[in-house]
Each structure stands twice: as structure tokens, then as C-alpha cells.
Amino acid sequence: MKRYLALLLAIILIASVLAGCGGKEVAPETEIEVEEVDETKEEPAEKGPTVYRIAGSKTATLNPHIYETTAESDTMLFIFGNLLKLIYDEDIDSYKFIGDHAEGVPTKNEEGTVWTFKLKEGLKWEDGDPLNANDYEYSYKMLLDPKLKNMRGPQVFDADVVVVNAKKYWDGECAWEDVGIKALDDYTLEITIGFPVPEMDFYLGFTNGGASSPVQEKIYEAGMNEDRTETNYGTSMETTPSSGPYKFEEWIRDQNKIYVRNEYSPIAEIYTVDRIESRVVEDANTRVQLFENNDIDSVVLSGANYDKYSEDPRLVFSKTTGVWSMFVNMTSETKPFLRDVNFRKALFYGMDRKAIAEDIYKTAVPAPYVVSTAKIAAPSKGLAYRDTDIGKNILPENNGYDLELAKEYFDKAYESYGKKMELEIQYFDNSENMKRTAEFLEQEYENAFGSDRLDVVLRGVPWQNAYDNMENGNYDCGFGSWSGGEFNPWSSMEVYTQGFTSKIDQFGNDEFDKLFERTVRGDLIFKEGERLQALAEMEEMLLDAVPFVPMYEPQITSIFADRVHLITKGKYVPGIGFATLQSEYDPLD
């Protein structure tokens, strides 16, 4: 005999892991009738944890104030929280800012120079200790400490967001009380900056880990040496407390890391992955073998490994923010032909970028431009600079490959120089693809311009030495690349200004420097159309002077196991990638 019960059923709808509030939505309570269930019936087996298995590189430190490598920054995204988080929103198929430790995005004063974050109450470190605005103020104070001289300190004064007096404190020229970072109370953090910036630029300065993540004072101080010039924070499990969505279950240095959910994270439920298992594997071929053995769930492919999977529908492609170029010593004292713009333009138009990108690097994109396709010019619309009309209009035809035009420019340079030219191209000696590129250019240039008029000589050097040579002007031509953030292509132009401290080109233009200042600190910041025009003008100046010859834009090619169902459907999303931790996974066998 059946009987019916009137029950209040709260139907929990698990929205996209990127629902507007960053959590779960609950439907209104509804009175319905349901059939009584036989309680003796066997319940289905409980589902195990969702596991994502990866392979990565070694990490020397997880101190957010001094880290250097991508492997270290990737790890910190798992275990360190921040005021804001950038996540994938399935409803809009794009990125979105949500509050992590903060309740939401900050408010600002009318002038746009004082920004205020309200922190969530009840925040905790991994060990249960309270986490609040005072932790953030302490962390920034240590980041900028004049004795520690942490390498990430300039992020607060030499980037898109310039905090008042941060540089002076870093240089030991003022007291901490004068710096524009203040915990007004346990739940209010105030940031005062030197000039107003767009909201996107400000938000990104306090998003997704890195130097703007908090450190736990008691552990940071316990690891400090006697003269307070160094701390062992972030060098072991015990000295790396979690404030993020995951925490360490295990860390065996140079072998493996295991992460599990941090129950104190206010945004942990955004992510579908319960457990991340990461092993240290430096060799690319070994990583591919692990993927093929079903020991890891994703791997980056290149060279012969890419050829093997080139037709596999599971391939996905990530954009990069840098364009690899061949830099030319345009102020050379020993080889005056390098100072001739006609010679440099001959190199530009005589380069078959398509062959380099597709035949040597396989997955790269030919790039006769300076600003990569990943750079976003209109963050609110997700519009890339290269997709704007103005970004398209300055591109040369045929990826800049025009042998007839190249020969015309070379003839002018040769006539002016009057004798055979010897051009040395240096490349990274640990990169087979870079060596092949240099050999390709040697053959291409000598065939195009005549080996009786041009002799190309190749020299392999360690990559560190190559960049040192370029900074010191001790080279003819050399390969290099600058990257920078995805959401502010203007600030990335700083590397070509005359005052940039690690400059590897010899370009110098007062008008370029003025435009740069106007777009990142001046009157054009909030004028979208004029700012976009200024970016195009800066790019045109570089293409006209040819301090370097743009070659290709790398794409990172990855493949995911069948058990991984990417929430982005394989689409690369700026600032997010493929949202792997928000994706769905079949159970492990």
C-alpha cells in the first residue's frame, strides 16, 4: 500500500561553477507530494573525489615576494588567495571578477585615487587563525621592505598601479605610515595610488595570487634571519600556509605535490576538482609518455610529439602575450650597415615568417607585428587589439614577406656601405628550433641578397648570455621576446622606452615615450578611441624603425585526456585559459 507525504523540498541547483555570486543557487521552497521510498533499498555507491593529475617543473620557492618561474606562479594560484579572483563565467562565455577574500570589487573616491576593499568576515588561514586586512597590510609592508629588497617589490610602484610612496619606502626614504596601503580596521583595506587608472588595471593588481597574496605573519617572522634580510617562507609545506582554494597534503621537493581542498576558502566550491596530483617531470618526452600511459590528464605538445597528435580533435591552443623577434643592434659602432634602416627593412621583408612558424615551430603563428593577438584592447568587451580595425590596418600583406621589396631595401643599404657585409645571428644554444631558425635565415638571406654581398654567421650562446649581450650592445642580431599582461597592451610598451632598465633593443624616440606616458599615466587613459590610436602609432613607430624584426607568435598546444570535459569547450579565454579546475571529470578507473 502506498502512502504520500507532504514534504518541503529544497532543490539545490548547481549552477555553472561561475555563477554570479561565486557559489550555489537555491530554488524557492516548494510544497509537493512525493512517493514514499523503500528505505531498505541499497543506496548507490558514494562518488569519490574528483582528481586532476598533472606534471610540471621544479619550484625553488613559493614565497610570493621573490618567486621567479611559471611553475612557481602556477602553484601559488592553487594555494594562495587574494582580494579578487578572475574566473570563467559560462553564462557570458568569458572572464569575470569575483570577490575572494574581499566581498567584491573595491569602491573608489571621485578622483579615482583612493580605493577601498571590504573583506569578508570569518576568513581563516589553513590552520584556523583569523585572516583579515591587517594580514594584507603586513604582507605589503614586507613585500616593500627596504632590507629584504624582494624582487617582486616593484610590482607595487613600477606597474600599472602605482601606490603612493611605495618606491620611497622601498628605497628607505620614508616611513611605512607614509605609504598608501592601510588597514583601517580588520575588514577594510585602503589603497591610495598616485594617479587614476581604469578599473580593469586596478582589479588585476589584486587578483589571482602572486605578490599581492597575503603571507602569514607568524610564519614569515619565524623564518626571518637575524639581520632581517631573508626569510625561509614558502620553502616547505610547514612554511607555506594556504589562504587559497587548495592546500598541500604532500610536498616532496623535486618529486611531487598533492593538493586538497582548503575548507576555509570562501570560494572553494567554485572549483569542481577536489584533489590535484602533480609530479615533477622536466623532460617533455617523459611527460607525453605519462599522458599516453594514462598517468596524467593533460600535456603540452611540441615538435615530433605535436606531429603525432596533429589531427587529434582533443588538441587545444593557448595564446601567448609575446612575439618572438630578431633584434638588430641599430647603434652598432663596428658595423655601420646595422644603423641603416634600409638594411633592417631588408631583413624584415626578406623573412618568410610562415615557414618559420609552421615548418619549424609547427604550432606558432607568423607575426609581422609587435602587439600579440592575446592583448586585449577593450577589456569590458573582451576585444583583442589585433581584431580592431586599427590593429588590422597597419599589418603588411603576406605576413610581411616581400622579396622584391626586400631586395630594393638591401640594394640601397649595400650601395651606401659599399662592400660585403658580415652579419652574425646569435641563438640560444639549448634550443634546437632556434638553431634551425637561424640556419633557415642564413640560407634565406644569402640566397635573396647574394652570398657575394652578405655573409651570415651563426653563434649559439646560453640564453642568459644572449640577453646580456643584447642589453650591452654586444651583438649584431639576436632572438628575444617580451611578454607582459593580456589586459593592458599599453603598459607592455614600456620595454621600448628610453628609460627602461633592462632594455635589449636600441630604439629611442621621444615621441614614442610621450605617447607611452599619456596612455599609462596621462590624459589618454580614459579615452578609449584615442588610446587605441596611440597604441597603433607606437606600433607603427617600431615597425618603421625596425629595431627588431618580428617573427612569430607562439601558441601552446595541449591535449587533455578523454576523462576531462573542459567547461570552455576547448576555447582559450584571456586571463583564464581553459578553466581546468572548473571543468568536469570522469571518475578514474
# chains A, B, ... in the order shown; residues from 1 in each chain; ligands from 1
call {"tool": "residues_around", "arguments": {"residues": "region 247-259 of chain A", "least_positions_apart": "4", "cutoff": "6 Å", "atoms": "only C-alpha atoms", "output": "ChimeraX atom specification"}}
result
/A:58,79,242,275-280
call {"tool": "closest_atom_pairs", "arguments": {"of": "region 451-560 of chain A", "to": "region 355-374 of chain A", "cutoff": "6 Å", "atoms": "only C-alpha atoms", "output": "JSON lines"}}
result
{"residue": "A:Pro550", "atom": "CA", "partner": "A:Pro368", "partner_atom": "CA", "distance": 5.3}
{"residue": "A:Met551", "atom": "CA", "partner": "A:Ala367", "partner_atom": "CA", "distance": 5.3}
{"residue": "A:Tyr552", "atom": "CA", "partner": "A:Ala367", "partner_atom": "CA", "distance": 4.4}
{"residue": "A:Glu553", "atom": "CA", "partner": "A:Val365", "partner_atom": "CA", "distance": 5.1}
{"residue": "A:Pro554", "atom": "CA", "partner": "A:Ala364", "partner_atom": "CA", "distance": 4.4}
{"residue": "A:Gln555", "atom": "CA", "partner": "A:Ala364", "partner_atom": "CA", "distance": 5.2}
call {"tool": "select_by_dssp", "arguments": {"residues": "region 115-293 of chain A", "states": "alpha helix (DSSP H)", "output": "PyMOL selection string"}}
result
chain A and resi 133-143+166-170+199-204+217-222+284-292
call {"tool": "closest_residue", "arguments": {"among": "A:Arg386, A:Arg152, A:Arg261, A:Arg459", "to": "Pro49 (chain A)", "atoms": "only C-alpha atoms"}}
result
A:Arg261
call {"tool": "atom_distance", "arguments": {"atom1": "CA of Ile525 (chain A)", "atom2": "CA of Leu84 (chain A)"}}
result
22.7 Å
call {"tool": "atom_distance", "arguments": {"atom1": "CA of Leu454 (chain A)", "atom2": "CA of Met421 (chain A)"}}
result
4.9 Å
call {"tool": "residues_around", "arguments": {"residues": "Phe202 (chain A)", "least_positions_apart": "2", "cutoff": "10 Å", "atoms": "only C-alpha atoms", "output": "number ranges by chain"}}
result
A: 105-106, 115, 160-162, 193, 196-200, 204-207
call {"tool": "residues_around", "arguments": {"residues": "Asp476 (chain A)", "least_positions_apart": "3", "cutoff": "7 Å", "atoms": "only C-alpha atoms", "output": "list in words"}}
result
Val328, Asn329, Leu423, Glu424 and Ile425 of chain A
call {"tool": "select_by_dssp", "arguments": {"residues": "region 108-192 of chain A", "states": "strand (DSSP E)", "output": "PyMOL selection string"}}
result
chain A and resi 108+114-118+181-185+188-192
call {"tool": "closest_residue", "arguments": {"among": "A:Asn63, A:Thr568, A:Asn393, A:Thr70", "to": "Ser583 (chain A)", "atoms": "only C-alpha atoms"}}
result
A:Thr568
call {"tool": "residues_around", "arguments": {"residues": "Ala377 (chain A)", "least_positions_apart": "3", "cutoff": "10 Å", "atoms": "only C-alpha atoms", "output": "JSON list (two decimals) with N, CA and C atoms, in the first residue's frame"}}
result
[["chain", "number", "residue", "atom", "x", "y", "z"],
["A", 374, "ALA", "N", 46.97, 38.11, -28.29],
["A", 374, "ALA", "CA", 46.38, 37.87, -26.97],
["A", 374, "ALA", "C", 46.10, 39.16, -26.21],
["A", 380, "SER", "N", 36.28, 45.41, -21.29],
["A", 380, "SER", "CA", 34.87, 45.22, -21.00],
["A", 380, "SER", "C", 34.17, 44.40, -22.08],
["A", 381, "LYS", "N", 34.73, 44.41, -23.30],
["A", 381, "LYS", "CA", 34.14, 43.66, -24.41],
["A", 381, "LYS", "C", 34.95, 42.40, -24.75],
["A", 382, "GLY", "N", 36.11, 42.26, -24.12],
["A", 382, "GLY", "CA", 36.97, 41.12, -24.45],
["A", 382, "GLY", "C", 37.55, 41.23, -25.85],
["A", 383, "LEU", "N", 37.68, 42.44, -26.36],
["A", 383, "LEU", "CA", 38.13, 42.66, -27.74],
["A", 383, "LEU", "C", 39.64, 42.79, -27.80],
["A", 384, "ALA", "N", 40.28, 41.94, -28.61],
["A", 384, "ALA", "CA", 41.72, 41.98, -28.79],
["A", 384, "ALA", "C", 42.12, 43.13, -29.71],
["A", 385, "TYR", "N", 43.27, 43.74, -29.45],
["A", 385, "TYR", "CA", 43.77, 44.83, -30.28],
["A", 385, "TYR", "C", 43.90, 44.41, -31.73],
["A", 386, "ARG", "N", 44.40, 43.20, -31.97],
["A", 386, "ARG", "CA", 44.61, 42.74, -33.34],
["A", 386, "ARG", "C", 43.30, 42.54, -34.10],
["A", 387, "ASP", "N", 42.18, 42.46, -33.36],
["A", 387, "ASP", "CA", 40.87, 42.28, -34.01],
["A", 387, "ASP", "C", 40.17, 43.61, -34.28],
["A", 388, "THR", "N", 40.75, 44.71, -33.81],
["A", 388, "THR", "CA", 40.17, 46.01, -34.11],
["A", 388, "THR", "C", 40.56, 46.44, -35.52],
["A", 391, "GLY", "N", 43.97, 47.95, -35.53],
["A", 391, "GLY", "CA", 45.02, 46.95, -35.37],
["A", 391, "GLY", "C", 45.27, 46.15, -36.62],
["A", 486, "GLU", "N", 47.93, 40.48, -20.38],
["A", 486, "GLU", "CA", 47.00, 40.40, -21.50],
["A", 486, "GLU", "C", 46.09, 41.61, -21.62],
["A", 487, "PHE", "N", 45.82, 42.28, -20.49],
["A", 487, "PHE", "CA", 44.75, 43.27, -20.48],
["A", 487, "PHE", "C", 45.23, 44.72, -20.58],
["A", 488, "ASN", "N", 46.51, 44.94, -20.73],
["A", 488, "ASN", "CA", 46.98, 46.32, -20.87],
["A", 488, "ASN", "C", 48.14, 46.36, -21.86],
["A", 489, "PRO", "N", 47.86, 46.35, -23.16],
["A", 489, "PRO", "CA", 48.95, 46.37, -24.15],
["A", 489, "PRO", "C", 49.75, 47.65, -24.11],
["A", 490, "TRP", "N", 49.18, 48.71, -23.55],
["A", 490, "TRP", "CA", 49.91, 49.97, -23.47],
["A", 490, "TRP", "C", 51.08, 49.87, -22.50],
["A", 528, "GLU", "N", 39.07, 55.88, -24.74],
["A", 528, "GLU", "CA", 39.28, 54.58, -25.38],
["A", 528, "GLU", "C", 39.73, 54.69, -26.83],
["A", 531, "ARG", "N", 43.22, 56.39, -27.09],
["A", 531, "ARG", "CA", 44.22, 55.50, -26.52],
["A", 531, "ARG", "C", 44.56, 54.37, -27.48],
["A", 532, "LEU", "N", 43.54, 53.85, -28.15],
["A", 532, "LEU", "CA", 43.75, 52.80, -29.15],
["A", 532, "LEU", "C", 44.56, 53.33, -30.33],
["A", 535, "LEU", "N", 48.18, 53.52, -29.36],
["A", 535, "LEU", "CA", 48.84, 52.22, -29.38],
["A", 535, "LEU", "C", 49.26, 51.87, -30.80]]
